$ cat upload32.cif   # mmCIF, C-alpha atoms and all ligand atoms
data_start
loop_
_atom_site.label_atom_id
_atom_site.label_comp_id
_atom_site.auth_asym_id
_atom_site.auth_seq_id
_atom_site.Cartn_x
_atom_site.Cartn_y
_atom_site.Cartn_z
CA MET A 1 -2.71 14.64 -24.84
CA THR A 2 -1.01 11.78 -22.92
CA GLU A 3 -2.47 8.28 -22.77
CA GLN A 4 -1.57 7.71 -19.15
CA PHE A 5 -0.33 9.58 -16.11
CA VAL A 6 3.20 10.93 -16.43
CA VAL A 7 5.16 11.69 -13.26
CA TYR A 8 8.19 13.97 -13.67
CA GLY A 9 10.55 13.63 -10.71
CA ALA A 10 13.99 12.72 -9.43
CA GLN A 11 15.39 9.99 -7.20
CA TRP A 12 16.42 12.45 -4.47
CA CYS A 13 12.95 14.05 -4.21
CA PRO A 14 10.90 12.61 -1.29
CA ASP A 15 7.62 14.13 -2.55
CA CYS A 16 8.19 12.40 -5.90
CA ARG A 17 8.61 9.08 -4.10
CA ARG A 18 5.46 9.75 -2.07
CA SER A 19 3.35 10.58 -5.15
CA LYS A 20 4.70 7.56 -7.04
CA ALA A 21 4.00 5.25 -4.09
CA PHE A 22 0.50 6.72 -3.76
CA LEU A 23 -0.35 6.13 -7.44
CA ALA A 24 1.19 2.65 -7.31
CA ASP A 25 -0.80 1.78 -4.15
CA LEU A 26 -3.97 2.90 -5.91
CA ARG A 27 -2.97 0.76 -8.88
CA VAL A 28 -2.99 3.75 -11.23
CA PRO A 29 -0.58 3.01 -14.11
CA PHE A 30 1.88 5.85 -14.78
CA HIS A 31 5.01 6.58 -16.77
CA TYR A 32 7.87 7.93 -14.67
CA VAL A 33 10.33 10.41 -16.15
CA ASP A 34 13.47 10.95 -14.05
CA LEU A 35 14.85 14.42 -14.79
CA GLU A 36 18.34 13.29 -13.80
CA THR A 37 18.51 10.61 -16.46
CA GLU A 38 16.28 12.40 -19.01
CA PRO A 39 17.44 16.06 -18.82
CA ASP A 40 15.48 16.96 -21.98
CA ALA A 41 12.31 16.59 -19.91
CA VAL A 42 13.36 19.59 -17.75
CA ASP A 43 12.05 21.88 -20.53
CA THR A 44 8.64 20.21 -20.35
CA VAL A 45 8.49 20.75 -16.57
CA LEU A 46 9.56 24.41 -16.94
CA GLN A 47 6.96 24.97 -19.64
CA LEU A 48 4.18 23.38 -17.57
CA ASN A 49 5.01 25.44 -14.46
CA ASP A 50 5.53 28.93 -15.93
CA GLY A 51 9.30 28.66 -15.92
CA LYS A 52 9.58 26.99 -12.49
CA GLN A 53 11.22 23.61 -12.03
CA ILE A 54 8.78 22.02 -9.57
CA ILE A 55 8.73 18.26 -8.99
CA PRO A 56 6.83 16.12 -8.82
CA THR A 57 4.86 17.47 -11.75
CA ILE A 58 2.11 15.07 -12.69
CA VAL A 59 0.39 15.20 -16.07
CA PHE A 60 -3.05 13.60 -16.29
CA PRO A 61 -4.40 11.66 -19.28
CA ASP A 62 -6.52 14.71 -20.27
CA GLY A 63 -3.38 16.86 -20.54
CA SER A 64 -3.95 18.87 -17.31
CA HIS A 65 -1.28 18.79 -14.61
CA VAL A 66 -0.53 19.44 -10.95
CA ALA A 67 2.76 20.36 -9.32
CA GLU A 68 3.74 19.06 -5.87
CA PRO A 69 0.27 17.74 -5.03
CA THR A 70 -0.62 16.34 -1.62
CA ASN A 71 -2.06 12.81 -1.60
CA GLU A 72 -5.45 14.40 -0.80
CA GLU A 73 -5.24 16.61 -3.91
CA LEU A 74 -4.29 13.63 -6.03
CA ALA A 75 -7.17 11.60 -4.63
CA GLU A 76 -9.54 14.42 -5.49
CA ARG A 77 -8.18 14.63 -9.04
CA LEU A 78 -8.60 10.86 -9.36
CA GLY A 79 -12.28 11.26 -8.50
CA LEU A 80 -12.18 9.13 -5.34
CA PRO A 81 -15.08 9.73 -2.93
CA ARG A 82 -13.87 12.14 -0.25
CA SER A 83 -16.62 11.98 2.34
CA ALA A 84 -18.70 9.42 4.21
CA ALA A 85 -22.36 9.40 3.17
CA GLU A 86 -23.78 9.14 6.71
CA ASP A 87 -23.11 10.84 10.05
CA THR A 88 -23.59 7.65 12.06
CA TYR A 89 -22.44 4.07 11.53
CA GLY A 90 -22.79 0.86 13.50
CA LEU A 91 -19.13 0.09 12.77
CA VAL A 92 -16.25 2.19 11.49
CA ILE A 93 -13.10 0.32 10.51
CA ALA A 94 -9.73 2.08 10.41
CA GLY A 95 -7.71 0.40 7.65
CA GLY A 96 -8.81 -1.23 4.43
CA GLY A 97 -6.72 -4.41 4.25
CA PRO A 98 -7.92 -8.04 4.33
CA THR A 99 -8.73 -7.85 8.07
CA ALA A 100 -10.93 -4.78 7.58
CA LEU A 101 -12.71 -6.01 4.47
CA THR A 102 -13.35 -9.49 5.88
CA THR A 103 -14.80 -8.00 9.07
CA ALA A 104 -16.85 -5.51 7.08
CA ILE A 105 -18.44 -8.30 5.03
CA TYR A 106 -19.43 -10.19 8.20
CA ALA A 107 -20.71 -7.04 9.92
CA ALA A 108 -22.74 -5.92 6.91
CA ARG A 109 -24.29 -9.39 6.63
CA GLU A 110 -25.57 -8.79 10.18
CA ASN A 111 -27.13 -5.51 8.97
CA ILE A 112 -24.56 -3.37 10.73
CA ARG A 113 -24.02 -0.17 8.72
CA THR A 114 -20.27 -0.26 8.11
CA LEU A 115 -17.71 2.28 6.93
CA VAL A 116 -14.17 1.26 5.96
CA VAL A 117 -11.61 4.09 6.00
CA GLU A 118 -8.29 3.39 4.27
CA ARG A 119 -5.48 5.93 4.19
CA SER A 120 -4.04 4.54 0.97
CA ALA A 121 -5.55 1.97 -1.41
CA LEU A 122 -8.18 -0.60 -0.42
CA GLY A 123 -6.69 -4.07 -0.14
CA GLY A 124 -3.82 -3.22 2.20
CA GLN A 125 -0.60 -5.15 1.89
CA ALA A 126 -2.37 -7.93 0.00
CA GLY A 127 -3.08 -5.45 -2.81
CA THR A 128 0.59 -4.55 -3.15
CA THR A 129 1.71 -8.18 -3.36
CA GLU A 130 2.62 -9.34 -6.85
CA ARG A 131 1.14 -12.82 -6.38
CA LEU A 132 -0.31 -14.92 -3.55
CA ASP A 133 0.23 -18.62 -3.95
CA ASN A 134 -0.96 -19.89 -0.59
CA TYR A 135 -4.48 -18.48 -0.32
CA PRO A 136 -7.06 -21.27 -0.09
CA GLY A 137 -9.50 -21.45 -2.99
CA PHE A 138 -7.05 -20.29 -5.64
CA PRO A 139 -5.17 -23.43 -6.70
CA ASP A 140 -3.23 -21.54 -9.39
CA GLY A 141 -2.48 -18.57 -7.15
CA ILE A 142 -3.92 -15.09 -7.61
CA GLY A 143 -2.47 -11.62 -8.18
CA GLY A 144 -2.57 -9.51 -5.02
CA ALA A 145 -4.31 -6.62 -6.79
CA GLU A 146 -6.97 -8.96 -8.19
CA LEU A 147 -7.59 -10.53 -4.77
CA ALA A 148 -7.89 -7.05 -3.23
CA ASP A 149 -10.38 -5.99 -5.93
CA ARG A 150 -12.42 -9.12 -5.21
CA PHE A 151 -12.49 -8.34 -1.46
CA VAL A 152 -13.70 -4.82 -2.24
CA ALA A 153 -16.34 -5.98 -4.77
CA GLN A 154 -17.68 -8.47 -2.22
CA ALA A 155 -17.82 -5.80 0.50
CA HIS A 156 -19.63 -3.40 -1.85
CA ARG A 157 -22.14 -6.13 -2.70
CA TYR A 158 -23.15 -5.99 0.97
CA ASP A 159 -23.34 -2.17 0.85
CA VAL A 160 -20.21 -1.64 2.90
CA GLU A 161 -19.14 1.96 2.37
CA THR A 162 -15.45 2.48 1.64
CA LEU A 163 -13.19 5.50 1.54
CA ALA A 164 -9.70 5.27 0.05
CA ALA A 165 -6.92 7.84 0.53
CA VAL A 166 -8.56 9.05 3.76
CA SER A 167 -6.97 8.43 7.19
CA VAL A 168 -8.52 8.00 10.58
CA ARG A 169 -6.92 10.83 12.57
CA ALA A 170 -8.62 10.61 15.98
CA ILE A 171 -10.96 8.32 17.90
CA GLU A 172 -12.61 9.65 21.06
CA PRO A 173 -15.60 8.89 23.25
CA SER A 174 -18.62 11.16 22.91
CA GLU A 175 -22.13 11.25 24.31
CA ASP A 176 -23.59 9.73 21.14
CA GLY A 177 -21.04 6.97 20.67
CA ILE A 178 -17.46 6.97 19.44
CA ARG A 179 -16.42 10.04 17.49
CA VAL A 180 -14.07 9.28 14.57
CA ARG A 181 -12.23 12.16 12.94
CA LEU A 182 -11.07 11.70 9.35
CA SER A 183 -8.17 13.40 7.57
CA THR A 184 -10.69 15.27 5.41
CA GLY A 185 -11.95 17.03 8.56
CA GLN A 186 -15.24 15.11 8.56
CA GLU A 187 -16.40 13.51 11.81
CA VAL A 188 -18.65 10.46 12.06
CA ILE A 189 -20.16 8.69 15.06
CA ALA A 190 -19.70 4.93 15.41
CA GLY A 191 -21.28 2.33 17.67
CA ALA A 192 -17.96 0.47 17.54
CA VAL A 193 -14.56 1.07 15.95
CA LEU A 194 -12.24 -1.65 14.74
CA ILE A 195 -8.59 -0.73 14.36
CA ALA A 196 -7.28 -2.91 11.52
CA THR A 197 -4.27 -0.80 10.58
CA GLY A 198 -1.95 -3.79 10.02
CA SER A 199 1.78 -3.58 10.36
CA THR A 200 4.49 -1.91 8.34
CA TYR A 201 7.86 -3.38 7.44
CA ARG A 202 10.99 -1.36 8.01
CA ARG A 203 12.49 -0.28 4.68
CA THR A 204 16.10 0.38 3.74
CA GLY A 205 15.29 3.59 1.84
CA ALA A 206 17.61 2.45 -0.97
CA PRO A 207 16.79 3.98 -4.39
CA GLY A 208 14.53 1.72 -6.43
CA GLU A 209 13.22 -0.14 -3.38
CA ASP A 210 9.63 1.13 -3.70
CA ASP A 211 9.36 0.02 -7.32
CA LEU A 212 10.44 -3.55 -6.60
CA ILE A 213 8.36 -4.38 -3.54
CA GLY A 214 6.40 -7.53 -4.28
CA ALA A 215 8.41 -8.07 -7.49
CA GLY A 216 11.92 -8.88 -6.31
CA ILE A 217 11.85 -7.42 -2.80
CA HIS A 218 9.79 -9.27 -0.19
CA PHE A 219 9.29 -9.23 3.55
CA CYS A 220 8.13 -12.77 4.21
CA ALA A 221 10.04 -15.86 3.07
CA THR A 222 7.26 -18.30 3.92
CA CYS A 223 4.83 -16.18 1.83
CA ASP A 224 6.98 -15.52 -1.22
CA GLY A 225 10.07 -17.77 -0.96
CA PRO A 226 8.60 -20.49 -3.23
CA PHE A 227 8.59 -17.99 -6.14
CA TYR A 228 12.40 -18.30 -6.09
CA LYS A 229 12.54 -22.06 -6.59
CA GLY A 230 15.65 -22.74 -8.69
CA ALA A 231 17.02 -19.19 -8.27
CA GLU A 232 20.79 -18.92 -8.34
CA GLU A 233 21.01 -16.52 -5.42
CA VAL A 234 18.77 -14.71 -2.97
CA VAL A 235 19.96 -12.06 -0.54
CA VAL A 236 18.55 -11.56 2.95
CA LEU A 237 19.05 -8.14 4.51
CA GLY A 238 19.60 -8.40 8.27
CA GLY A 239 21.60 -10.93 10.21
CA GLY A 240 19.43 -11.23 13.30
CA ASN A 241 17.40 -14.29 14.26
CA SER A 242 14.66 -13.45 11.73
CA GLY A 243 17.17 -12.97 8.93
CA PHE A 244 18.78 -16.34 9.62
CA GLU A 245 15.46 -18.13 10.04
CA GLU A 246 14.20 -16.71 6.75
CA GLY A 247 17.56 -17.46 5.11
CA LEU A 248 17.44 -21.11 6.22
CA PHE A 249 13.92 -21.39 4.84
CA LEU A 250 14.99 -19.85 1.52
CA ALA A 251 17.93 -22.26 1.25
CA GLN A 252 15.50 -24.99 0.16
CA PHE A 253 14.62 -22.95 -2.97
CA ALA A 254 17.73 -21.03 -4.00
CA GLU A 255 21.18 -22.43 -4.72
CA HIS A 256 22.88 -19.75 -2.60
CA VAL A 257 21.56 -17.55 0.17
CA THR A 258 23.65 -14.54 1.20
CA ILE A 259 22.85 -12.80 4.47
CA VAL A 260 23.95 -9.16 4.67
CA GLU A 261 24.45 -7.62 8.12
CA ALA A 262 25.49 -4.03 8.84
CA MET A 263 27.21 -4.88 12.17
CA ASP A 264 30.64 -6.56 12.31
CA GLU A 265 29.07 -9.83 13.49
CA PRO A 266 25.68 -11.45 12.81
CA ARG A 267 23.39 -10.94 15.80
CA ALA A 268 21.52 -14.22 15.41
CA SER A 269 21.77 -17.01 17.98
CA ARG A 270 24.72 -19.41 17.44
CA MET A 271 22.25 -22.28 16.96
CA LEU A 272 20.85 -20.60 13.82
C1 LIG A 301 5.28 -8.44 -0.37
C2 LIG A 301 4.26 -9.16 0.52
C3 LIG A 301 3.88 -10.46 0.21
C4 LIG A 301 2.95 -11.14 0.99
N1 LIG A 301 2.58 -12.39 0.59
C5 LIG A 301 1.64 -13.05 1.28
C6 LIG A 301 1.20 -14.35 0.88
O1 LIG A 301 1.67 -14.89 -0.13
N2 LIG A 301 0.26 -14.96 1.63
C7 LIG A 301 -0.27 -14.39 2.76
O2 LIG A 301 -1.14 -15.00 3.39
N3 LIG A 301 0.14 -13.18 3.17
C8 LIG A 301 1.07 -12.49 2.48
N4 LIG A 301 1.50 -11.26 2.90
C9 LIG A 301 0.98 -10.74 4.15
C10 LIG A 301 -0.45 -10.19 4.01
O3 LIG A 301 -0.48 -9.24 2.95
C11 LIG A 301 -0.83 -9.55 5.35
O4 LIG A 301 -0.81 -10.53 6.34
C12 LIG A 301 -2.23 -8.94 5.30
O5 LIG A 301 -2.31 -7.95 4.29
C13 LIG A 301 -2.57 -8.31 6.65
O6 LIG A 301 -3.86 -7.74 6.55
P1 LIG A 301 -4.35 -6.58 7.49
O7 LIG A 301 -5.65 -6.10 6.94
O8 LIG A 301 -4.33 -7.02 8.90
O9 LIG A 301 -3.23 -5.44 7.40
P2 LIG A 301 -2.72 -4.62 6.13
O10 LIG A 301 -2.81 -5.39 4.88
O11 LIG A 301 -1.39 -4.08 6.57
O12 LIG A 301 -3.75 -3.42 6.03
C14 LIG A 301 -3.79 -2.38 6.97
C15 LIG A 301 -4.24 -1.12 6.25
O13 LIG A 301 -4.47 -0.10 7.21
C16 LIG A 301 -4.16 1.15 6.60
N5 LIG A 301 -4.00 2.14 7.65
C17 LIG A 301 -2.99 2.26 8.56
N6 LIG A 301 -3.22 3.31 9.37
C18 LIG A 301 -4.40 3.87 8.98
C19 LIG A 301 -5.19 4.97 9.44
N7 LIG A 301 -4.82 5.72 10.49
N8 LIG A 301 -6.34 5.27 8.80
C20 LIG A 301 -6.76 4.53 7.75
N9 LIG A 301 -6.06 3.47 7.27
C21 LIG A 301 -4.91 3.13 7.89
C22 LIG A 301 -2.89 0.84 5.82
O14 LIG A 301 -2.69 1.78 4.78
C23 LIG A 301 -3.17 -0.56 5.30
O15 LIG A 301 -3.68 -0.55 3.99
C24 LIG A 301 2.40 -10.54 2.14
C25 LIG A 301 2.78 -9.22 2.47
C26 LIG A 301 3.68 -8.52 1.67
C27 LIG A 301 4.05 -7.10 2.03
#

$ encode --input "upload32.cif" --output "structure tokens"
Amino acid sequence: MTEQFVVYGAQWCPDCRRSKAFLADLRVPFHYVDLETEPDAVDTVLQLNDGKQIIPTIVFPDGSHVAEPTNEELAERLGLPRSAAEDTYGLVIAGGGPTALTTAIYAARENIRTLVVERSALGGQAGTTERLDNYPGFPDGIGGAELADRFVAQAHRYDVETLAAVSVRAIEPSEDGIRVRLSTGQEVIAGAVLIATGSTYRRTGAPGEDDLIGAGIHFCATCDGPFYKGAEEVVVLGGGNSGFEEGLFLAQFAEHVTIVEAMDEPRASRML
């Protein structure tokens, strides 16, 4: 019997990275065992999978396990609701970040039956942020996960229905309204659809990157730069205009700022 989830994997395994990212997004604590650095654990994986070395192998707190699960299978095992309760909604929102949850609260207050569909964890990027220090109403700052949980609790108080780990796959007009197809295969009809799918930052793909996002790796200097007040050195990846602008901003907090650019020359304007 394990006390928490254990993920057996390896750095080079993309499905291991996907499963780890999925659990981390859902804020499910887990212990990661890398078979490359802990070769003794290979025996455990072989034993669990009838002599086959399949990764990721994920062991649940009750001792049961799955090998190479899809995100959908993991969501099911985690007991997340998999289907919308109704066939028809006044508003369906694709995405479950701050934009979606704020809109959902306003819509539900106007008695509009609202469904929020989030492909990963509710809270969006805000939920993955270690700490927000610039959100009004929280003079001491607030953890991103806690803020996300508060958004969700407030939405649920107004009977907003939410689905996590379900994607919106297709949106098309129909005679009854707008037909929204979900990754689970279910279809619902909406009076209106809001696309609040946010933006994604380009990643380097470097090993370890996923684990440090929000806790050492950031994408927005004005959001998170102040956390590095007094730091000896910060590194900015990318020597375009954005990289230099962010670097200049960070220079007020850190003693040194190093900008790393893959091309021979920085691509930023000479002014910067
Ligand atoms: C490390 C970090 C630190 C930050 N710090 C701050 C800060 O200090 N202060 C601040 O104000 N802002 C900060 N931000 C920015 C802030 O988090 C974003 O501005 C905010 O989350 C945007 O909200 P959103 O709902 O529009 O989009 P998102 O938060 O990006 O949410 C969009 C959601 O849509 C989901 N989605 C995408 N496609 C689909 C689909 N087809 N079906 C279902 N769901 C889908 C995504 O999984 C995602 O969860 C930070 C961001 C990061 C990454």

$ residues_near_ligand --input "upload32.cif" --ligand "ligand LIG 301 (chain A)" --cutoff "7 Å" --atoms "all atoms listed in the file" --output "number ranges by chain"
A: 94-100, 117-126, 128-129, 131-135, 166-169, 196-200, 213-214, 218-220, 223-224

$ atom_distance --input "upload32.cif" --atom1 "CA of Glu76 in chain A" --atom2 "CA of Ala190 in chain A"
25.1 Å

$ closest_residue --input "upload32.cif" --among "A:Arg77, A:Arg203, A:Arg179, A:Arg157" --to "Tyr106 in chain A" --atoms "only C-alpha atoms"
A:Arg157

$ residues_around --input "upload32.cif" --residues "range 40-49 of chain A" --least-positions-apart "5" --cutoff "10 Å" --atoms "only C-alpha atoms" --output "MDAnalysis selection string"
chainID A and resid 8:9 33:35 54:59 64:67

$ atom_distance --input "upload32.cif" --atom1 "CA of Gly208 in chain A" --atom2 "CA of Glu232 in chain A"
21.7 Å

$ atom_distance --input "upload32.cif" --atom1 "CA of Pro14 in chain A" --atom2 "CA of Pro81 in chain A"
26.2 Å

$ closest_residue --input "upload32.cif" --among "A:Leu78, A:Ala192, A:Ala21, A:Ala153" --to "Leu101 in chain A" --atoms "only C-alpha atoms"
A:Ala153

$ residues_around --input "upload32.cif" --residues "Glu130 in chain A" --least-positions-apart "2" --cutoff "6 Å" --atoms "all atoms listed in the file" --output "list in words"
Gly143, Gly144, Gly214 and Ala215 of chain A

$ residues_around --input "upload32.cif" --residues "Ala268 in chain A" --least-positions-apart "6" --cutoff "7 Å" --atoms "only C-alpha atoms" --output "list in words"
Gly239, Gly240, Asn241 and Phe244 of chain A
